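Peer 1: Supplied in structure tokens, the structure appears directly below.
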Amino acid sequence: MASMRVLVVGAGLVGSLLVHQLAARGHSVRLVERRGDPRGRGALAGRSINLAISARGFHALDRAGLGDRLRERAIRMPGRMIHPRSGEPIFQPYSRDPRHAIHSVSRARLNLLLLEAAAAQPGVEMLFDRRAIDVDCSQGRVVVEHSATGAVDMLDADLVVGADGAYSAIRAAMQKNERFDYSQRFLSHGYKELSIPALADGAESKGRAPHAPFAMDPNALHIWPRGGSMMIALPNPDGSFTCTLFWPFEGGEPSFAAIRSGDDALDYFRAHYPDAVPLMPTLAEDFERNPVGTMVTVHSAPWSWGGRTVLIGDAAHAIVPFYGQGANCGFEDVEALVDSLDSQTTNLAKALADYETRRRRHADAIADMALANFIEMRDKTASRWFRLRKKLDHALHGMAPSLYLPLYDMVSFTTIPYDDARRRARRQDVVLMLMLGAVTVLLACVVVLILAVAAP
Ligand SMILES: Cc1cc2nc3c(=O)[nH]c(=O)nc-3n(C[C@H](O)[C@H](O)[C@H](O)COP(=O)(O)OP(=O)(O)OC[C@H]3O[C@@H](n4cnc5c(N)ncnc54)[C@H](O)[C@@H]3O)c2cc1C
């Protein structure tokens with residue numbers, strides 16, 4: 001598309017990368033964000049919240065020339081470390097290929113990196129403390145309220161992009177139109193962030209951990225699967241871990257309704273997460289202080305309206321976090337949107353429809369896979385069968401790398417579109433079942449033959 005005036009609503013991970021990519025193509029871009037400007041405000045101080053970035057995210061960041069800047073501060077996680085109720089943790093590699101790893105990165109640092117890179121592009125204007133409250137989709141006119149004064153402005157653009165997250169105001173405005181489909185489904189589990197601090201100097205010499213300043217192995221995503229609930233922990237560059245506790249909102253223990261006080265949480269942890277308790281000196285305070293977050297799956301259709309307003313990232317398709325793919329998927333959306341805009345010279349509506357065609361099927365697929373992965377992480381990772389299946393997956397991949405690629409590898413270590421990966425995994429499963437069936441029949445025949453020969 002020839003140079004346009006674009007208005008991007010939302011300076012989160014996806015909106016910031018999009019602004020960078022649009023400005024790099026010569027569009028003049030305005031960014032509207034309801035929060036304050038995080039640059040130069042010590043945005044990196046305080047609690048560390050991290051997220052896992054995998055091949056898809058790095059692919060998009062590399063295209064923008066930003067991947068290496070993130071890699072510098074990222075921590076490799078080539079596998080899961082499973083913490084049973086008793087006994088030693090067990091490491092399960094994610095892939096047969098030891099070079100494959102997902103990466104733990106600071107959310108705030110990544111956001112800042114993207115925002116600063118976007119701001120450095122010519123033709124970018126950033127408006128913070130401004131909340132979009134309505135949009136006229138076909139006019140490209142966004143109503144914006146100044147957070148401090150309540151003053152309202154109208155901002156016009158050739159293209160409006162709603163990158164304003166799972167509770168998008170731009171999507172809410174689209175919903176007022178007839179024949180706009182929308183669904184949201186909350187998970188019955190919530191999440192609470194807790195923390196494992198870095199070890200104090202000298203702790204290593206006292207034999208507490210071989211990975212100081214980390215209290216546990218930093219090169220793993222730690223999981224405490226407890227059937228129906230779980231805790232995970234990702235490492236931070238400062239030696240700490242951010243833990244996320246996934247419990248049901250309602251019901252008996254463990255649930256956020258049943259366990260409310262820090263002391264009760266501590267008691268419960270002593271019984272069910274015993275190896276974590278000595279590493280979490282502020283557990284009771286963190287549990288009481290930190291809020292319980294909700295997780296939602298959002299589907300909306302269509303993603304564009306009026307030929308000039310479009311949704312991207314969580315605004316179009318929020319997913320639950322259990323495959324660690326929400327941001328990765330949103331970064332792929334950015335690639336698809338700029339490619340679709342590049343491929344059309346004048347027809348903006350067609351470019352937006354093309355973007356949706358490229359992405360919708362895959363966003364739906366990862367939404368389903370993310371829900372399924374919650375059950376795998378909390379219920380199955382601790383089982384022997386699960387470990388056996390993973391070993392079989394890796395062995396088959398080793399024997400026929402071009403024919404057999406486990407689903408986790410395809411999702412996390414390739415850019416095979418999500419739905420194509422899921423279809424291929426289903427075909428592989430069918431072939432595997434047929435092979436196992438054939439082997440079983442063959443063995444049964446051999447046994448029958450032996451018995452027949454041995455019979456008097
Ligand atoms: C617990 C948890 C763990 C996760 N872990 C991972 C992970 O490991 N890997 C991964 O890839 N993904 C992960 N995700 C998902 C990931 O966080 C999201 O997919 C990603 O942040 C989506 O980016 P976004 O820019 O679309 O939306 P957001 O990050 O939500 O950004 C939206 C922005 O829009 C702004 N905004 C909102 N409304 C308005 C308005 N009306 N006007 C102006 N501005 C507005 C917001 O302030 C915000 O800055 C996780 C999510 C959760 C909840």
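Ordered as shown in the structure tokens, chains take letters A, B, and onward, while each chain numbers its residues from 1 and ligands are numbered from 1 in the order shown.
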Can you tell me which residues surround A:Gln92 at a distance of at most 7 Å, considering only C-alpha atoms, apart from same-chain residues fewer than 4 positions away, and format the answer as a PyMOL selection string?
Peer 2: chain A and resi 79-81
Peer 1: How close does each residue of chain A get to ligand 1, giving the shortest atom pair and distance in Å to one decimal for every residue with an atom at most 7 Å away, counting only C-alpha atoms and all ligand atoms, sorted by chain and residue number, as JSON lines?
Peer 2:
```
{"residue": "A:Val9", "atom": "CA", "partner": "ligand 1", "partner_atom_place_in_ligand_line": "43 (C)", "distance": 5.2}
{"residue": "A:Gly10", "atom": "CA", "partner": "ligand 1", "partner_atom_place_in_ligand_line": "34 (O)", "distance": 3.3}
{"residue": "A:Ala11", "atom": "CA", "partner": "ligand 1", "partner_atom_place_in_ligand_line": "49 (O)", "distance": 4.5}
{"residue": "A:Gly12", "atom": "CA", "partner": "ligand 1", "partner_atom_place_in_ligand_line": "31 (O)", "distance": 3.5}
{"residue": "A:Leu13", "atom": "CA", "partner": "ligand 1", "partner_atom_place_in_ligand_line": "25 (O)", "distance": 4.1}
{"residue": "A:Val14", "atom": "CA", "partner": "ligand 1", "partner_atom_place_in_ligand_line": "25 (O)", "distance": 3.7}
{"residue": "A:Gly15", "atom": "CA", "partner": "ligand 1", "partner_atom_place_in_ligand_line": "25 (O)", "distance": 5.2}
{"residue": "A:Val32", "atom": "CA", "partner": "ligand 1", "partner_atom_place_in_ligand_line": "43 (C)", "distance": 5.5}
{"residue": "A:Glu33", "atom": "CA", "partner": "ligand 1", "partner_atom_place_in_ligand_line": "44 (N)", "distance": 3.8}
{"residue": "A:Arg34", "atom": "CA", "partner": "ligand 1", "partner_atom_place_in_ligand_line": "43 (C)", "distance": 4.1}
{"residue": "A:Arg35", "atom": "CA", "partner": "ligand 1", "partner_atom_place_in_ligand_line": "47 (O)", "distance": 5.3}
{"residue": "A:Leu51", "atom": "CA", "partner": "ligand 1", "partner_atom_place_in_ligand_line": "8 (O)", "distance": 3.5}
{"residue": "A:Ala52", "atom": "CA", "partner": "ligand 1", "partner_atom_place_in_ligand_line": "8 (O)", "distance": 3.6}
{"residue": "A:Ile53", "atom": "CA", "partner": "ligand 1", "partner_atom_place_in_ligand_line": "9 (N)", "distance": 5.5}
{"residue": "A:Arg130", "atom": "CA", "partner": "ligand 1", "partner_atom_place_in_ligand_line": "43 (C)", "distance": 6.0}
{"residue": "A:Arg131", "atom": "CA", "partner": "ligand 1", "partner_atom_place_in_ligand_line": "42 (N)", "distance": 3.6}
{"residue": "A:Ala132", "atom": "CA", "partner": "ligand 1", "partner_atom_place_in_ligand_line": "42 (N)", "distance": 3.9}
{"residue": "A:Ile133", "atom": "CA", "partner": "ligand 1", "partner_atom_place_in_ligand_line": "41 (N)", "distance": 5.7}
{"residue": "A:Ala163", "atom": "CA", "partner": "ligand 1", "partner_atom_place_in_ligand_line": "26 (O)", "distance": 5.3}
{"residue": "A:Asp164", "atom": "CA", "partner": "ligand 1", "partner_atom_place_in_ligand_line": "34 (O)", "distance": 3.4}
{"residue": "A:Gly165", "atom": "CA", "partner": "ligand 1", "partner_atom_place_in_ligand_line": "27 (O)", "distance": 3.7}
{"residue": "A:Ala166", "atom": "CA", "partner": "ligand 1", "partner_atom_place_in_ligand_line": "30 (O)", "distance": 6.0}
{"residue": "A:Tyr167", "atom": "CA", "partner": "ligand 1", "partner_atom_place_in_ligand_line": "38 (N)", "distance": 6.7}
{"residue": "A:Ser168", "atom": "CA", "partner": "ligand 1", "partner_atom_place_in_ligand_line": "38 (N)", "distance": 5.5}
{"residue": "A:Ala169", "atom": "CA", "partner": "ligand 1", "partner_atom_place_in_ligand_line": "41 (N)", "distance": 4.8}
{"residue": "A:Tyr191", "atom": "CA", "partner": "ligand 1", "partner_atom_place_in_ligand_line": "1 (C)", "distance": 6.7}
{"residue": "A:Met295", "atom": "CA", "partner": "ligand 1", "partner_atom_place_in_ligand_line": "53 (C)", "distance": 6.1}
{"residue": "A:Ile312", "atom": "CA", "partner": "ligand 1", "partner_atom_place_in_ligand_line": "26 (O)", "distance": 6.4}
{"residue": "A:Gly313", "atom": "CA", "partner": "ligand 1", "partner_atom_place_in_ligand_line": "26 (O)", "distance": 3.7}
{"residue": "A:Asp314", "atom": "CA", "partner": "ligand 1", "partner_atom_place_in_ligand_line": "26 (O)", "distance": 3.9}
{"residue": "A:Ala315", "atom": "CA", "partner": "ligand 1", "partner_atom_place_in_ligand_line": "26 (O)", "distance": 5.8}
{"residue": "A:Ala318", "atom": "CA", "partner": "ligand 1", "partner_atom_place_in_ligand_line": "19 (O)", "distance": 6.4}
{"residue": "A:Ile319", "atom": "CA", "partner": "ligand 1", "partner_atom_place_in_ligand_line": "19 (O)", "distance": 6.9}
{"residue": "A:Val320", "atom": "CA", "partner": "ligand 1", "partner_atom_place_in_ligand_line": "51 (C)", "distance": 6.7}
{"residue": "A:Pro321", "atom": "CA", "partner": "ligand 1", "partner_atom_place_in_ligand_line": "50 (C)", "distance": 4.6}
{"residue": "A:Gly324", "atom": "CA", "partner": "ligand 1", "partner_atom_place_in_ligand_line": "9 (N)", "distance": 3.5}
{"residue": "A:Gln325", "atom": "CA", "partner": "ligand 1", "partner_atom_place_in_ligand_line": "11 (O)", "distance": 3.7}
{"residue": "A:Gly326", "atom": "CA", "partner": "ligand 1", "partner_atom_place_in_ligand_line": "19 (O)", "distance": 3.2}
{"residue": "A:Ala327", "atom": "CA", "partner": "ligand 1", "partner_atom_place_in_ligand_line": "11 (O)", "distance": 3.5}
{"residue": "A:Asn328", "atom": "CA", "partner": "ligand 1", "partner_atom_place_in_ligand_line": "11 (O)", "distance": 4.3}
{"residue": "A:Cys329", "atom": "CA", "partner": "ligand 1", "partner_atom_place_in_ligand_line": "11 (O)", "distance": 6.8}
{"residue": "A:Gly330", "atom": "CA", "partner": "ligand 1", "partner_atom_place_in_ligand_line": "26 (O)", "distance": 6.0}
```
Peer 1: I need the residues in stretch 22-250 of chain A that are strand (DSSP E or B) according to DSSP; give them as a ChimeraX atom specification.
Peer 2: /A:28-32,50-53,75-77,79-82,90-93,102-106,124-127,130-136,141-146,152-156,159-162,181-186,189-196,221-225,230-235,241-248
Peer 1: Any idea what's packed within 12 Å of stretch 21-24 of chain A, counting only C-alpha atoms, ignoring anything in its chain fewer than 6 positions away? Could you give it as a tab-separated table (two decimals) with C-alpha atoms, in the first residue's frame?
Peer 2:
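The file below, around23.tsv, is the result:
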```
chain	number	residue	atom	x	y	z
A	1	MET	CA	0.00	0.00	0.00
A	2	ALA	CA	1.16	3.52	-0.66
A	3	SER	CA	1.99	5.62	2.37
A	4	MET	CA	-0.99	5.85	4.75
A	5	ARG	CA	-1.87	7.54	8.01
A	6	VAL	CA	-2.24	4.65	10.46
A	7	LEU	CA	-3.59	4.84	14.01
A	8	VAL	CA	-2.56	1.93	16.24
A	14	VAL	CA	1.98	-6.53	19.39
A	15	GLY	CA	1.05	-2.87	18.86
A	30	ARG	CA	0.20	7.39	15.51
A	31	LEU	CA	0.18	5.19	18.59
A	60	ALA	CA	9.14	-11.84	13.56
A	61	LEU	CA	11.66	-9.97	15.71
A	62	ASP	CA	14.54	-11.00	13.42
A	63	ARG	CA	12.61	-9.65	10.44
A	64	ALA	CA	12.42	-6.34	12.29
A	65	GLY	CA	16.17	-6.56	13.10
A	66	LEU	CA	15.44	-6.79	16.84
A	114	LEU	CA	9.88	-2.65	20.90
A	115	LEU	CA	8.58	0.75	21.95
A	117	ALA	CA	12.68	0.80	18.36
A	118	ALA	CA	9.29	2.04	17.12
A	119	ALA	CA	9.87	5.56	18.47
A	120	ALA	CA	13.21	5.72	16.65
A	121	GLN	CA	11.50	5.28	13.27
A	122	PRO	CA	10.66	8.44	11.30
A	123	GLY	CA	6.98	9.35	11.09
A	124	VAL	CA	5.95	7.91	14.47
A	125	GLU	CA	3.94	9.89	17.01
A	159	LEU	CA	-6.25	2.65	8.74
A	161	VAL	CA	-5.59	-1.03	14.13
A	331	PHE	CA	3.98	-11.30	16.41
A	333	ASP	CA	-0.07	-11.56	13.02
A	334	VAL	CA	2.16	-8.50	12.59
A	335	GLU	CA	4.15	-10.27	9.89
A	336	ALA	CA	0.95	-11.35	8.12
A	337	LEU	CA	-0.65	-7.90	8.30
A	338	VAL	CA	2.37	-6.03	6.91
A	339	ASP	CA	2.80	-8.69	4.19
A	340	SER	CA	-0.85	-8.33	3.20
A	341	LEU	CA	-0.56	-4.53	3.12
A	342	ASP	CA	2.65	-4.83	1.06
```
Peer 1: Can you tell me, as a PyMOL selection string, what residues are no more than 9 Å from A:Thr414 when counting only C-alpha atoms, ignoring any on the same chain fewer than 6 positions away?
Peer 2: chain A and resi 54-56
Peer 1: Could the residues in this selection be written to a file with N, CA and C atoms, as an mmCIF file, in the first residue's frame?
Peer 2:
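Result written to result-v4.cif:
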```cif
data_model
loop_
_atom_site.group_PDB
_atom_site.id
_atom_site.type_symbol
_atom_site.label_atom_id
_atom_site.label_comp_id
_atom_site.auth_asym_id
_atom_site.auth_seq_id
_atom_site.Cartn_x
_atom_site.Cartn_y
_atom_site.Cartn_z
ATOM 1 N N SER A 54 9.396 -18.110 21.605
ATOM 2 C CA SER A 54 9.928 -19.255 20.864
ATOM 3 C C SER A 54 10.174 -18.872 19.409
ATOM 4 N N ALA A 55 10.339 -19.882 18.554
ATOM 5 C CA ALA A 55 10.834 -19.623 17.184
ATOM 6 C C ALA A 55 9.992 -18.593 16.422
ATOM 7 N N ARG A 56 8.670 -18.675 16.606
ATOM 8 C CA ARG A 56 7.802 -17.763 15.828
ATOM 9 C C ARG A 56 8.047 -16.307 16.230
#
```
Peer 1: Ranking A:Gln428, A:Tyr418, A:Arg99, A:Gly437 by minimum distance to A:Ser402 and counting only C-alpha atoms, which one comes first?
Peer 2: A:Gln428
Peer 1: Which residues are near A:Val292? Cut-off 10 Å, only C-alpha atoms, ignore same chain within fewer than 3 positions. Put them as a PDB file with N, CA and C atoms, in the first residue's frame.
Peer 2:
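Result saved to part-v4.pdb:
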```
ATOM      1  N   HIS A 189     -10.044 -21.655  36.108  1.00  0.00           N
ATOM      2  CA  HIS A 189      -8.846 -21.428  36.923  1.00  0.00           C
ATOM      3  C   HIS A 189      -8.404 -19.963  36.797  1.00  0.00           C
ATOM      4  N   GLY A 190      -7.818 -19.449  37.874  1.00  0.00           N
ATOM      5  CA  GLY A 190      -7.178 -18.144  37.817  1.00  0.00           C
ATOM      6  C   GLY A 190      -5.683 -18.344  38.034  1.00  0.00           C
ATOM      7  N   TYR A 191      -4.936 -17.242  37.995  1.00  0.00           N
ATOM      8  CA  TYR A 191      -3.497 -17.372  38.262  1.00  0.00           C
ATOM      9  C   TYR A 191      -3.023 -16.284  39.210  1.00  0.00           C
ATOM     10  N   LYS A 192      -1.969 -16.635  39.972  1.00  0.00           N
ATOM     11  CA  LYS A 192      -1.385 -15.682  40.916  1.00  0.00           C
ATOM     12  C   LYS A 192       0.122 -15.752  40.762  1.00  0.00           C
ATOM     13  N   GLU A 193       0.770 -14.581  40.681  1.00  0.00           N
ATOM     14  CA  GLU A 193       2.219 -14.579  40.529  1.00  0.00           C
ATOM     15  C   GLU A 193       2.895 -14.544  41.890  1.00  0.00           C
ATOM     16  N   LEU A 245       1.012 -19.553  39.837  1.00  0.00           N
ATOM     17  CA  LEU A 245       0.212 -20.604  40.455  1.00  0.00           C
ATOM     18  C   LEU A 245      -1.138 -20.637  39.749  1.00  0.00           C
ATOM     19  N   PHE A 246      -1.501 -21.797  39.199  1.00  0.00           N
ATOM     20  CA  PHE A 246      -2.789 -21.930  38.505  1.00  0.00           C
ATOM     21  C   PHE A 246      -3.702 -22.804  39.356  1.00  0.00           C
ATOM     22  N   TRP A 247      -4.679 -22.194  39.986  1.00  0.00           N
ATOM     23  CA  TRP A 247      -5.638 -22.906  40.828  1.00  0.00           C
ATOM     24  C   TRP A 247      -7.056 -22.576  40.357  1.00  0.00           C
ATOM     25  N   PHE A 249     -10.769 -21.117  40.652  1.00  0.00           N
ATOM     26  CA  PHE A 249     -11.311 -20.012  41.464  1.00  0.00           C
ATOM     27  C   PHE A 249     -12.133 -20.558  42.623  1.00  0.00           C
ATOM     28  N   PHE A 256      -8.678 -20.674  44.965  1.00  0.00           N
ATOM     29  CA  PHE A 256      -8.483 -19.333  45.521  1.00  0.00           C
ATOM     30  C   PHE A 256      -9.622 -18.965  46.471  1.00  0.00           C
ATOM     31  N   PHE A 287       1.415 -14.150  48.416  1.00  0.00           N
ATOM     32  CA  PHE A 287       0.110 -14.762  48.184  1.00  0.00           C
ATOM     33  C   PHE A 287      -1.007 -13.792  48.562  1.00  0.00           C
ATOM     34  N   GLU A 288      -0.816 -13.107  49.686  1.00  0.00           N
ATOM     35  CA  GLU A 288      -1.864 -12.173  50.140  1.00  0.00           C
ATOM     36  C   GLU A 288      -1.920 -10.912  49.291  1.00  0.00           C
ATOM     37  N   ARG A 289      -0.726 -10.458  48.857  1.00  0.00           N
ATOM     38  CA  ARG A 289      -0.670  -9.154  48.184  1.00  0.00           C
ATOM     39  C   ARG A 289      -1.068  -9.237  46.702  1.00  0.00           C
TER      40      ARG A 289
END
```
Peer 1: So, counting only C-alpha atoms, which residue among A:Leu283, A:Pro248, A:Leu155, A:Asp354 is closest to A:Ser261?
Peer 2: A:Leu283
Peer 1: What's around stretch 141-143 of chain A at 7 Å? Count only C-alpha atoms, leave out sequence neighbours fewer than 6 positions away in its own chain, and write the answer as a ChimeraX atom specification.
Peer 2: /A:132-135,152-157
Peer 1: Taking the chain letters and numbering used in this document, name the residues of stretch 316-430 of chain A that DSSP puts in helix (DSSP H, G or I), as a ChimeraX atom specification.
Peer 2: /A:316-317,321-323,326-343,348-380,384-399,407-413,418-430
Peer 1: For A:Gln184, which of A:Thr294, A:Thr345, A:Ser300, A:Ser104 is the closest residue, counting only C-alpha atoms?
Peer 2: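 Closest residue, counting only C-alpha atoms: A:Ser300.
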